[in-house]
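Visitor: I am sharing data10.pdb, which consists of PDB, C-alpha atoms:
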```
ATOM      1  CA  MET A  12       0.000   0.000   0.000
ATOM      2  CA  THR A  13       1.524   3.302  -1.133
ATOM      3  CA  PHE A  14       1.925   6.118   1.364
ATOM      4  CA  PRO A  15      -0.463   8.963   0.403
ATOM      5  CA  VAL A  16       0.441  12.454  -0.727
ATOM      6  CA  LEU A  17      -0.160  14.703   2.266
ATOM      7  CA  ARG A  18      -2.149  17.866   1.704
ATOM      8  CA  HIS A  19      -1.086  21.338   2.801
ATOM      9  CA  THR A  20      -2.933  21.145   6.142
ATOM     10  CA  ALA A  21      -1.251  17.877   7.138
ATOM     11  CA  VAL A  22       2.192  19.171   6.112
ATOM     12  CA  ARG A  23       1.610  22.325   8.150
ATOM     13  CA  GLN A  24       0.624  20.237  11.180
ATOM     14  CA  LEU A  25       3.739  18.073  10.846
ATOM     15  CA  VAL A  26       5.926  21.167  10.617
ATOM     16  CA  HIS A  27       4.455  22.493  13.870
ATOM     17  CA  VAL A  28       5.062  19.159  15.609
ATOM     18  CA  LEU A  29       8.701  19.045  14.504
ATOM     19  CA  VAL A  30       9.523  22.716  15.097
ATOM     20  CA  ASP A  31       7.722  23.451  18.375
ATOM     21  CA  GLY A  32       6.225  20.115  19.455
ATOM     22  CA  PRO A  33       7.018  17.643  22.250
ATOM     23  CA  SER A  34      10.756  18.074  21.672
ATOM     24  CA  GLY A  35      10.473  21.733  22.615
ATOM     25  CA  TYR A  36      11.558  24.791  20.668
ATOM     26  CA  ARG A  37      14.106  23.840  18.030
ATOM     27  CA  THR A  38      16.459  26.549  16.814
ATOM     28  CA  ALA A  39      17.542  26.768  13.202
ATOM     29  CA  ARG A  40      20.846  25.160  14.173
ATOM     30  CA  ASP A  41      19.024  22.319  15.981
ATOM     31  CA  LEU A  42      16.858  21.655  12.931
ATOM     32  CA  GLU A  43      19.813  21.735  10.556
ATOM     33  CA  ALA A  44      21.712  19.228  12.727
ATOM     34  CA  LEU A  45      18.656  16.979  13.036
ATOM     35  CA  PHE A  46      17.944  16.736   9.329
ATOM     36  CA  ARG A  47      21.617  16.539   8.406
ATOM     37  CA  ASP A  48      21.886  13.442  10.583
ATOM     38  CA  LEU A  49      18.761  12.083   8.877
ATOM     39  CA  GLY A  50      20.227  12.621   5.398
ATOM     40  CA  HIS A  51      18.481  15.890   4.568
ATOM     41  CA  ALA A  52      21.304  18.450   4.791
ATOM     42  CA  SER A  53      20.526  21.886   3.357
ATOM     43  CA  ALA A  54      22.674  24.901   2.651
ATOM     44  CA  LEU A  55      19.619  27.116   2.231
ATOM     45  CA  LEU A  56      18.592  27.290   5.870
ATOM     46  CA  LYS A  57      20.506  30.549   6.294
ATOM     47  CA  THR A  58      18.076  32.250   3.904
ATOM     48  CA  GLU A  59      14.923  30.489   5.128
ATOM     49  CA  SER A  60      12.747  30.621   8.212
ATOM     50  CA  ARG A  61      12.512  27.529  10.395
ATOM     51  CA  ILE A  62       8.961  26.909   9.122
ATOM     52  CA  ASP A  63       9.919  27.181   5.440
ATOM     53  CA  TYR A  64      12.954  24.979   5.941
ATOM     54  CA  VAL A  65      11.086  22.108   7.617
ATOM     55  CA  THR A  66       8.213  22.411   5.125
ATOM     56  CA  ARG A  67      10.667  22.039   2.255
ATOM     57  CA  VAL A  68      12.369  19.050   3.872
ATOM     58  CA  ILE A  69       9.023  17.267   4.337
ATOM     59  CA  GLU A  70       7.908  18.064   0.783
ATOM     60  CA  GLU A  71      11.230  16.855  -0.647
ATOM     61  CA  ALA A  72      10.970  13.596   1.303
ATOM     62  CA  GLN A  73       7.425  13.195   0.043
ATOM     63  CA  HIS A  74       8.540  13.798  -3.547
ATOM     64  CA  ARG A  75      11.235  11.132  -3.194
ATOM     65  CA  GLY A  76       8.832   8.645  -1.625
ATOM     66  CA  GLN A  77      10.696   8.759   1.692
ATOM     67  CA  SER A  78       8.021  10.232   3.976
ATOM     68  CA  GLU A  79       7.695   7.079   6.080
ATOM     69  CA  ARG A  80      11.455   6.810   6.628
ATOM     70  CA  LEU A  81      11.740  10.482   7.559
ATOM     71  CA  LEU A  82       8.940  10.363  10.135
ATOM     72  CA  GLU A  83      10.222   7.106  11.629
ATOM     73  CA  ALA A  84      13.733   8.536  11.894
ATOM     74  CA  VAL A  85      12.517  11.776  13.521
ATOM     75  CA  ILE A  86      10.739   9.840  16.270
ATOM     76  CA  GLN A  87      13.611   7.411  16.777
ATOM     77  CA  ALA A  88      16.104  10.272  17.028
ATOM     78  CA  GLU A  89      14.586  11.397  20.346
ATOM     79  CA  ALA A  90      16.393  10.086  23.417
ATOM     80  CA  ALA A  91      13.505  10.463  25.892
ATOM     81  CA  ARG A  92      10.866   7.718  25.849
ATOM     82  CA  ASP A  93       8.050  10.140  26.727
ATOM     83  CA  THR A  94       8.990  12.436  23.853
ATOM     84  CA  ARG A  95       9.028   9.522  21.390
ATOM     85  CA  ALA A  96       5.606   8.422  22.609
ATOM     86  CA  ALA A  97       4.209  11.959  22.295
ATOM     87  CA  LEU A  98       5.565  12.314  18.764
ATOM     88  CA  GLN A  99       4.072   8.943  17.860
ATOM     89  CA  ARG A 100       0.617  10.031  19.049
ATOM     90  CA  LEU A 101       0.683  13.420  17.355
ATOM     91  CA  ILE A 102       1.967  12.135  14.025
ATOM     92  CA  SER A 103      -0.570   9.298  14.108
ATOM     93  CA  ASP A 104      -3.380  11.833  14.611
ATOM     94  CA  ILE A 105      -2.190  13.737  11.546
ATOM     95  CA  LEU A 106      -1.915  10.610   9.403
ATOM     96  CA  SER A 107      -5.125   8.889  10.539
ATOM     97  CA  PRO A 108      -7.458  10.775   8.125
ATOM     98  CA  TYR A 109      -5.270   9.336   5.335
ATOM     99  CA  GLY A 110      -5.629   5.806   6.705
ATOM    100  CA  TRP A 111      -2.092   5.571   8.174
ATOM    101  CA  THR A 112      -0.610   5.494  11.663
ATOM    102  CA  VAL A 113       2.689   5.114  13.550
ATOM    103  CA  HIS A 114       3.073   1.741  15.228
ATOM    104  CA  HIS A 115       5.712   0.832  17.786
ATOM    105  CA  ASP A 116       7.185  -2.631  17.799
ATOM    106  CA  PRO A 117       9.601  -3.585  20.614
ATOM    107  CA  VAL A 118      11.933  -5.207  18.079
ATOM    108  CA  ALA A 119      11.485  -3.234  14.851
ATOM    109  CA  GLY A 120      10.963   0.151  16.511
ATOM    110  CA  PHE A 121       8.629   2.813  15.126
ATOM    111  CA  ARG A 122       6.976   2.043  11.778
ATOM    112  CA  VAL A 123       4.599   4.129   9.666
ATOM    113  CA  GLN A 124       2.003   1.714   8.350
ATOM    114  CA  PRO A 125      -1.624   1.494   7.140
ATOM    115  CA  LEU A 126      -4.196   2.030   9.851
ATOM    116  CA  VAL A 127      -6.151  -1.100  10.733
ATOM    117  CA  ILE A 128      -9.479  -0.311  12.382
ATOM    118  CA  GLN A 129     -10.926  -2.962  14.630
ATOM    119  CA  ALA A 130     -14.705  -2.866  14.528
ATOM    120  CA  ALA A 131     -16.171  -2.591  18.009
ATOM    121  CA  PRO A 132     -18.666  -5.309  18.980
ATOM    122  CA  LEU A 133     -22.260  -4.326  18.298
ATOM    123  CA  THR A 134     -23.890  -3.996  21.714
ATOM    124  CA  PRO A 135     -27.675  -3.762  22.300
ATOM    125  CA  ASP A 136     -27.545  -0.006  22.889
ATOM    126  CA  VAL A 137     -25.813   0.487  19.521
ATOM    127  CA  LEU A 138     -28.290  -1.673  17.647
ATOM    128  CA  ASP A 139     -31.268  -0.023  19.354
ATOM    129  CA  THR A 140     -33.335   1.905  16.815
ATOM    130  CA  PRO A 141     -35.350   5.017  17.682
ATOM    131  CA  ASP A 142     -39.125   4.716  17.585
ATOM    132  CA  PHE A 143     -40.093   6.563  14.420
ATOM    133  CA  GLY A 144     -43.805   6.365  15.228
ATOM    134  CA  HIS A 145     -44.032  10.149  15.574
ATOM    135  CA  VAL A 146     -47.431  11.735  14.973
ATOM    136  CA  PHE A 147     -45.839  13.990  12.366
ATOM    137  CA  LEU A 148     -44.188  11.204  10.333
ATOM    138  CA  THR A 149     -45.984   9.047   7.802
ATOM    139  CA  ASP A 150     -45.608   5.278   7.879
ATOM    140  CA  ALA A 151     -43.457   5.442   4.730
ATOM    141  CA  GLU A 152     -41.140   7.986   6.335
ATOM    142  CA  GLY A 153     -40.836   5.905   9.487
ATOM    143  CA  GLN A 154     -39.924   2.775   7.536
ATOM    144  CA  LEU A 155     -37.328   4.585   5.438
ATOM    145  CA  LEU A 156     -35.734   6.141   8.514
ATOM    146  CA  GLN A 157     -35.543   2.726  10.180
ATOM    147  CA  ASP A 158     -33.747   1.368   7.107
ATOM    148  CA  ARG A 159     -31.300   4.269   7.070
ATOM    149  CA  TRP A 160     -30.631   3.954  10.784
ATOM    150  CA  ALA A 161     -29.755   0.278  10.307
ATOM    151  CA  GLU A 162     -27.297   1.247   7.563
ATOM    152  CA  ALA A 163     -25.700   3.966   9.713
ATOM    153  CA  VAL A 164     -24.613   1.308  12.239
ATOM    154  CA  LEU A 165     -21.684   0.723   9.876
ATOM    155  CA  HIS A 166     -19.935   3.640  11.599
ATOM    156  CA  HIS A 167     -18.757   1.042  14.123
ATOM    157  CA  ALA A 168     -16.609  -0.450  11.374
ATOM    158  CA  GLY A 169     -14.803   2.869  10.981
ATOM    159  CA  THR A 170     -17.037   4.627   8.423
ATOM    160  CA  TRP A 171     -17.251   7.686  10.664
ATOM    161  CA  ARG A 172     -17.578  10.274   7.933
ATOM    162  CA  MET A 173     -20.478   8.634   6.112
ATOM    163  CA  GLY A 174     -22.090   7.602   9.394
ATOM    164  CA  SER A 175     -22.077  11.187  10.651
ATOM    165  CA  ILE A 176     -23.632  12.484   7.441
ATOM    166  CA  ALA A 177     -26.315   9.777   7.559
ATOM    167  CA  LEU A 178     -27.251  10.553  11.170
ATOM    168  CA  SER A 179     -27.317  14.298  10.487
ATOM    169  CA  THR A 180     -29.627  13.958   7.480
ATOM    170  CA  MET A 181     -32.063  11.791   9.450
ATOM    171  CA  LEU A 182     -32.054  14.241  12.353
ATOM    172  CA  GLU A 183     -32.712  17.137   9.992
ATOM    173  CA  HIS A 184     -35.605  15.317   8.296
ATOM    174  CA  VAL A 185     -37.336  14.505  11.600
ATOM    175  CA  LEU A 186     -36.894  18.068  12.875
ATOM    176  CA  VAL A 187     -38.264  19.587   9.651
ATOM    177  CA  ALA A 188     -41.273  17.237   9.789
ATOM    178  CA  CYS A 189     -41.869  18.158  13.432
ATOM    179  CA  LEU A 190     -41.674  21.914  12.918
ATOM    180  CA  GLN A 191     -43.841  21.729   9.807
ATOM    181  CA  ALA A 192     -46.449  19.796  11.800
ATOM    182  CA  TYR A 193     -46.551  22.579  14.400
ATOM    183  CA  PRO A 194     -45.797  25.682  12.296
ATOM    184  CA  GLN A 195     -47.363  28.258  14.608
ATOM    185  CA  GLN A 196     -45.389  27.089  17.635
ATOM    186  CA  ALA A 197     -42.198  26.825  15.561
ATOM    187  CA  ARG A 198     -42.490  30.318  14.094
ATOM    188  CA  ALA A 199     -43.340  31.770  17.515
ATOM    189  CA  SER A 200     -39.926  30.698  18.797
ATOM    190  CA  SER A 201     -37.411  33.456  19.413
ATOM    191  CA  GLU A 202     -34.897  31.270  17.542
ATOM    192  CA  ALA A 203     -36.985  31.147  14.349
ATOM    193  CA  PRO A 204     -35.431  33.082  11.430
ATOM    194  CA  GLN A 205     -37.949  35.681  10.316
ATOM    195  CA  HIS A 206     -36.315  36.238   6.919
ATOM    196  CA  LEU A 207     -36.900  32.652   5.739
ATOM    197  CA  GLY A 208     -40.418  31.640   4.770
ATOM    198  CA  ALA A 209     -40.267  27.858   4.396
ATOM    199  CA  ILE A 210     -39.279  25.821   7.453
ATOM    200  CA  ARG A 211     -37.511  23.322   5.191
ATOM    201  CA  GLU A 212     -35.023  26.098   4.336
ATOM    202  CA  TRP A 213     -33.862  26.483   7.955
ATOM    203  CA  ARG A 214     -30.387  25.179   8.769
ATOM    204  CA  LEU A 215     -30.019  22.177  11.043
ATOM    205  CA  GLU A 216     -28.580  24.211  13.916
ATOM    206  CA  VAL A 217     -31.595  26.558  13.654
ATOM    207  CA  LEU A 218     -34.006  23.615  13.713
ATOM    208  CA  LEU A 219     -32.274  22.311  16.842
ATOM    209  CA  ALA A 220     -32.397  25.729  18.506
ATOM    210  CA  VAL A 221     -36.128  26.151  17.780
ATOM    211  CA  ALA A 222     -36.976  22.635  19.011
ATOM    212  CA  HIS A 223     -35.013  23.272  22.219
ATOM    213  CA  GLU A 224     -36.627  26.646  22.832
ATOM    214  CA  ARG A 225     -40.075  25.076  22.367
ATOM    215  CA  GLY A 226     -39.170  22.438  24.965
ATOM    216  CA  TRP A 227     -39.391  19.526  22.527
ATOM    217  CA  ILE A 228     -35.777  18.460  23.092
ATOM    218  CA  THR A 229     -33.388  18.901  26.022
ATOM    219  CA  LEU A 230     -30.099  19.219  24.117
ATOM    220  CA  THR A 231     -29.119  22.592  22.671
ATOM    221  CA  ALA A 232     -27.658  23.083  19.214
ATOM    222  CA  ALA A 233     -24.247  23.658  20.821
ATOM    223  CA  ASP A 234     -24.403  20.182  22.379
ATOM    224  CA  PHE A 235     -24.046  18.644  18.920
ATOM    225  CA  PRO A 236     -20.602  18.469  17.250
ATOM    226  CA  TYR A 237     -19.791  21.009  14.556
ATOM    227  CA  ARG A 238     -19.743  18.195  11.997
ATOM    228  CA  VAL A 239     -23.399  17.407  12.748
ATOM    229  CA  ARG A 240     -24.688  20.984  12.705
ATOM    230  CA  HIS A 241     -22.791  21.731   9.484
ATOM    231  CA  TYR A 242     -22.850  18.291   7.895
ATOM    232  CA  ARG A 243     -23.456  19.754   4.416
ATOM    233  CA  HIS A 244     -19.872  21.041   4.429
ATOM    234  CA  TYR A 245     -18.657  17.432   4.495
ATOM    235  CA  ILE A 246     -20.750  16.062   1.636
ATOM    236  CA  THR A 247     -18.061  17.299  -0.750
ATOM    237  CA  PRO A 248     -14.345  17.047   0.177
ATOM    238  CA  ALA A 249     -13.442  20.757  -0.178
ATOM    239  CA  HIS A 250     -14.134  21.865   3.411
ATOM    240  CA  GLU A 251     -12.462  18.841   4.968
ATOM    241  CA  LEU A 252      -9.360  19.241   2.795
ATOM    242  CA  ARG A 253      -9.097  22.880   3.816
ATOM    243  CA  GLU A 254      -9.707  22.408   7.532
ATOM    244  CA  GLY A 255      -8.057  19.020   8.034
ATOM    245  CA  ASP A 256     -10.805  17.723  10.321
ATOM    246  CA  VAL A 257     -10.101  14.530  12.237
ATOM    247  CA  TRP A 258     -12.741  11.836  12.780
ATOM    248  CA  ASN A 259     -12.731   9.170  15.468
ATOM    249  CA  ASP A 260     -14.923   6.565  17.113
ATOM    250  CA  ALA A 261     -15.495   8.630  20.271
ATOM    251  CA  LEU A 262     -16.947  11.501  18.231
ATOM    252  CA  MET A 263     -19.234   9.157  16.321
ATOM    253  CA  GLY A 264     -20.400   7.371  19.459
ATOM    254  CA  ASP A 265     -21.319  10.714  21.031
ATOM    255  CA  THR A 266     -23.155  11.766  17.865
ATOM    256  CA  TRP A 267     -25.031   8.461  17.728
ATOM    257  CA  ARG A 268     -26.303   8.757  21.299
ATOM    258  CA  LYS A 269     -27.316  12.419  20.995
ATOM    259  CA  VAL A 270     -29.194  11.957  17.718
ATOM    260  CA  LYS A 271     -31.099   8.960  19.087
ATOM    261  CA  ARG A 272     -31.928  10.798  22.319
ATOM    262  CA  THR A 273     -33.248  13.785  20.372
ATOM    263  CA  MET A 274     -35.439  11.680  18.093
ATOM    264  CA  ASP A 275     -36.909   9.814  21.060
ATOM    265  CA  GLU A 276     -37.601  13.079  22.898
ATOM    266  CA  LEU A 277     -39.361  14.558  19.883
ATOM    267  CA  ARG A 278     -41.675  11.572  19.835
ATOM    268  CA  ASP A 279     -42.357  11.522  23.569
ATOM    269  CA  ARG A 280     -42.893  15.268  23.977
ATOM    270  CA  THR A 281     -45.160  15.796  20.962
ATOM    271  CA  GLN A 282     -47.302  12.652  20.980
ATOM    272  CA  ALA A 283     -50.018  14.412  23.011
ATOM    273  CA  MET A 284     -50.110  17.376  20.597
ATOM    274  CA  PRO A 285     -52.434  17.163  17.553
ATOM    275  CA  PRO A 286     -50.465  18.140  14.432
ATOM    276  CA  ALA A 287     -51.681  21.228  12.592
ATOM    277  CA  VAL A 288     -50.529  20.310   9.095
ATOM    278  CA  THR A 289     -51.702  22.114   5.982
ATOM    279  CA  LYS A 290     -51.057  21.623   2.274
ATOM    280  CA  ALA A 291     -48.838  24.681   2.357
ATOM    281  CA  ASP A 292     -46.544  22.836   4.715
ATOM    282  CA  GLY A 293     -45.901  20.126   2.140
ATOM    283  CA  MET A 294     -48.366  17.349   3.146
ATOM    284  CA  ASN A 295     -51.293  16.208   1.001
ATOM    285  CA  ALA A 296     -54.765  15.551   2.359
ATOM    286  CA  PHE A 297     -54.328  11.783   2.531
ATOM    287  CA  GLN A 298     -51.139  12.037   4.556
ATOM    288  CA  ARG A 299     -52.750  14.615   6.829
ATOM    289  CA  ALA A 300     -55.633  12.241   7.462
ATOM    290  CA  GLN A 301     -53.158   9.479   8.322
ATOM    291  CA  LEU A 302     -51.474  11.697  10.893
ATOM    292  CA  ASN A 303     -54.733  12.748  12.511
ATOM    293  CA  ALA A 304     -55.952   9.143  12.647
ATOM    294  CA  LYS A 305     -52.660   8.103  14.261
ATOM    295  CA  TYR A 306     -53.037  10.852  16.853
ATOM    296  CA  GLN A 307     -56.639   9.930  17.672
ATOM    297  CA  LYS A 308     -55.644   6.258  18.010
ATOM    298  CA  ARG A 309     -52.932   7.136  20.524
ATOM    299  CA  ARG A 310     -55.390   9.081  22.639
ATOM    300  CA  VAL A 311     -57.593   6.026  23.104
TER     301      VAL A 311
END
```
Could you show the structure in this file as structure tokens?
Guide:
Amino acid sequence: MTFPVLRHTAVRQLVHVLVDGPSGYRTARDLEALFRDLGHASALLKTESRIDYVTRVIEEAQHRGQSERLLEAVIQAEAARDTRAALQRLISDILSPYGWTVHHDPVAGFRVQPLVIQAAPLTPDVLDTPDFGHVFLTDAEGQLLQDRWAEAVLHHAGTWRMGSIALSTMLEHVLVACLQAYPQQARASSEAPQHLGAIREWRLEVLLAVAHERGWITLTAADFPYRVRHYRHYITPAHELREGDVWNDALMGDTWRKVKRTMDELRDRTQAMPPAVTKADGMNAFQRAQLNAKYQKRRV
């Protein structure tokens, strides 16, 4: 497996780690001695800043296909065990979005190698599906959301990015359906944007804020990770390439629990409220009748 070409953000992060990281502040002379010993001597350091010099060394190693050897040698060059361990962790964090990591073997030493993700066992709480029997969701919507939720469980196999997008889209759909079912209450919220007419045009973080202000959910918009509230940024790679966002299992587990909690709360806290749905809110007469019948049945 070929080591990937690191983007500008990752190179910049590596430069920071090597110049001012766990090893402490490295002077220009320290850096020149370090890379000379590693086979990357340069006569241009006198005319370059420390940042430019290390950036060029990393880019040259990458061009020659020697990135792994350079990173391994930098870690191994440290005398202190704690410093080596800190460098290993930081460099692994930078490489993990590319599917690589730094592994330490007692015999072979530090090795840059492909990241192997062990899928966590699927426990009952992970497999548990929200009850999509909301009074403001049709049967077809509920079934589709159940199917999508079952697919999103794949995040436990390391598909964090796609899992987060899937959970965010489901959360947005349920919130839009809820607010459209109770348009007067939604628009009366102090969090409702007055310049946007259609509720379906409201951003996810606005939907969360309105639902919280109305008392339909207990979590605030700020309780959800940035990647959830702004999931549309991650549908295409541009934002992630620019920002260098890092994904991990802890973040996805937190997202999973919060999305499920919110969906369950929406159901529990609105089931005693008759939906006030009109054609203008995007539901036809047959669907509206289904919702009203479902509400009346629950009251019995």
Visitor: Counting all atoms listed in the file, which residue out of A:Arg172, A:His184, A:Arg238, A:Arg159 sits closest to Phe147 of chain A?
Guide: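 Using all atoms listed in the file, Phe147 of chain A sits closest to A:His184.
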Visitor: Take the PyMOL selection byres ((chain A and resi 234) around 12), run it mentally on this structure, and tell me the resulting residues as a ChimeraX atom specification.
Guide: /A:216,219-220,223,228-233,235-240,265-266,268-270,273
Visitor: Enumerate, as a PyMOL selection string, the residues matched when the PyMOL selection byres ((chain A and resi 82-87) around 7) is run on the file above.
Guide: chain A and resi 49+78-81+88-89+95+98-99+121-123
Visitor: Can you work out which one of A:Val65, A:Ala203, A:Leu29, A:Leu182 has the shortest atom-to-atom distance to Asp275 of chain A, counting all atoms listed in the file?
Guide: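 Between A:Val65, A:Ala203, A:Leu29, A:Leu182, the residue approaching Asp275 of chain A most closely is A:Leu182.
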Visitor: Would you please work out which residue, of A:Ala72, A:Ala39, A:Met274, A:Val30, is nearest to Trp160 of chain A when using only C-alpha atoms?
Guide: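 Comparing A:Ala72, A:Ala39, A:Met274, A:Val30 against Trp160 of chain A, the winner is A:Met274.
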Visitor: Let me make sure I understand: among A:Pro108, A:Ser179, A:Ile62, A:Ala91, which one has the smallest atom-to-atom distance to Leu252 of chain A if we use all atoms listed in the file?
Guide: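 For Leu252 of chain A, the nearest of the candidates is A:Pro108.
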Visitor: Taking (-19.7, 23.5, 7.7) in the coordinates of the supplied file, I want to know which residues reach to within 12 Å of it, counting only C-alpha atoms; could you give the answer as a list in words?
Guide: Ile176, Arg214, Leu215, Glu216, Pro236, Tyr237, Arg238, Val239, Arg240, His241, Tyr242, Arg243, His244, Tyr245, Ile246, Thr247, Pro248, Ala249, His250, Glu251, Arg253, Glu254 and Asp256 of chain A
Visitor: Got time to write the residues from that selection, C-alpha atoms, as a compact mmCIF listing (two decimals), in the frame of the given file?
Guide:
```txt
# COMPACT_ATOMS: atom_id res chain seq x y z
CA ILE A 176 -23.63 12.48 7.44
CA ARG A 214 -30.39 25.18 8.77
CA LEU A 215 -30.02 22.18 11.04
CA GLU A 216 -28.58 24.21 13.92
CA PRO A 236 -20.60 18.47 17.25
CA TYR A 237 -19.79 21.01 14.56
CA ARG A 238 -19.74 18.20 12.00
CA VAL A 239 -23.40 17.41 12.75
CA ARG A 240 -24.69 20.98 12.70
CA HIS A 241 -22.79 21.73 9.48
CA TYR A 242 -22.85 18.29 7.90
CA ARG A 243 -23.46 19.75 4.42
CA HIS A 244 -19.87 21.04 4.43
CA TYR A 245 -18.66 17.43 4.50
CA ILE A 246 -20.75 16.06 1.64
CA THR A 247 -18.06 17.30 -0.75
CA PRO A 248 -14.34 17.05 0.18
CA ALA A 249 -13.44 20.76 -0.18
CA HIS A 250 -14.13 21.86 3.41
CA GLU A 251 -12.46 18.84 4.97
CA ARG A 253 -9.10 22.88 3.82
CA GLU A 254 -9.71 22.41 7.53
CA ASP A 256 -10.80 17.72 10.32
```
Visitor: Would you work out the distance separating atom CA of Thr112 of chain A from atom CA of Pro125 of chain A, expressed in Å to one decimal?
Guide: 6.1 Å
Visitor: To verify the selection step, state as an MDAnalysis selection string which residues the PyMOL selection byres ((chain A and resi 17) around 9) yields on this input.
Guide: chainID A and resid 14:16 18:22 70 73 106 109
Visitor: Axis-aligned box over every listed atom of segment 185-191 of chain A, padded by 8 Å per side: centre and edges in Å to one decimal, as JSON?
Guide:
```
{"center_x": -40.4, "center_y": 18.2, "center_z": 11.5, "size_x": 22.9, "size_y": 23.4, "size_z": 19.8}
```
Visitor: Residues within 10 Å of Asp142 of chain A, please, as a PyMOL selection string. Count only C-alpha atoms; anything in the same chain fewer than 4 positions from it doesn't count.
Guide: chain A and resi 153+156-157+271+274-275+278-279
Visitor: Which distance in Å separates atom CA of Ala287 of chain A and atom CA of Pro194 of chain A, to one decimal?
Guide: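 So the answer is 7.4 Å.
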Visitor: Env of Asn259 of chain A: 10 Å cut, atoms = only C-alpha atoms, seq-sep filter 2 positions within chain, self excluded. Answer as a PyMOL selection string.
Guide: chain A and resi 104+107-108+166+169-172+257+261-264
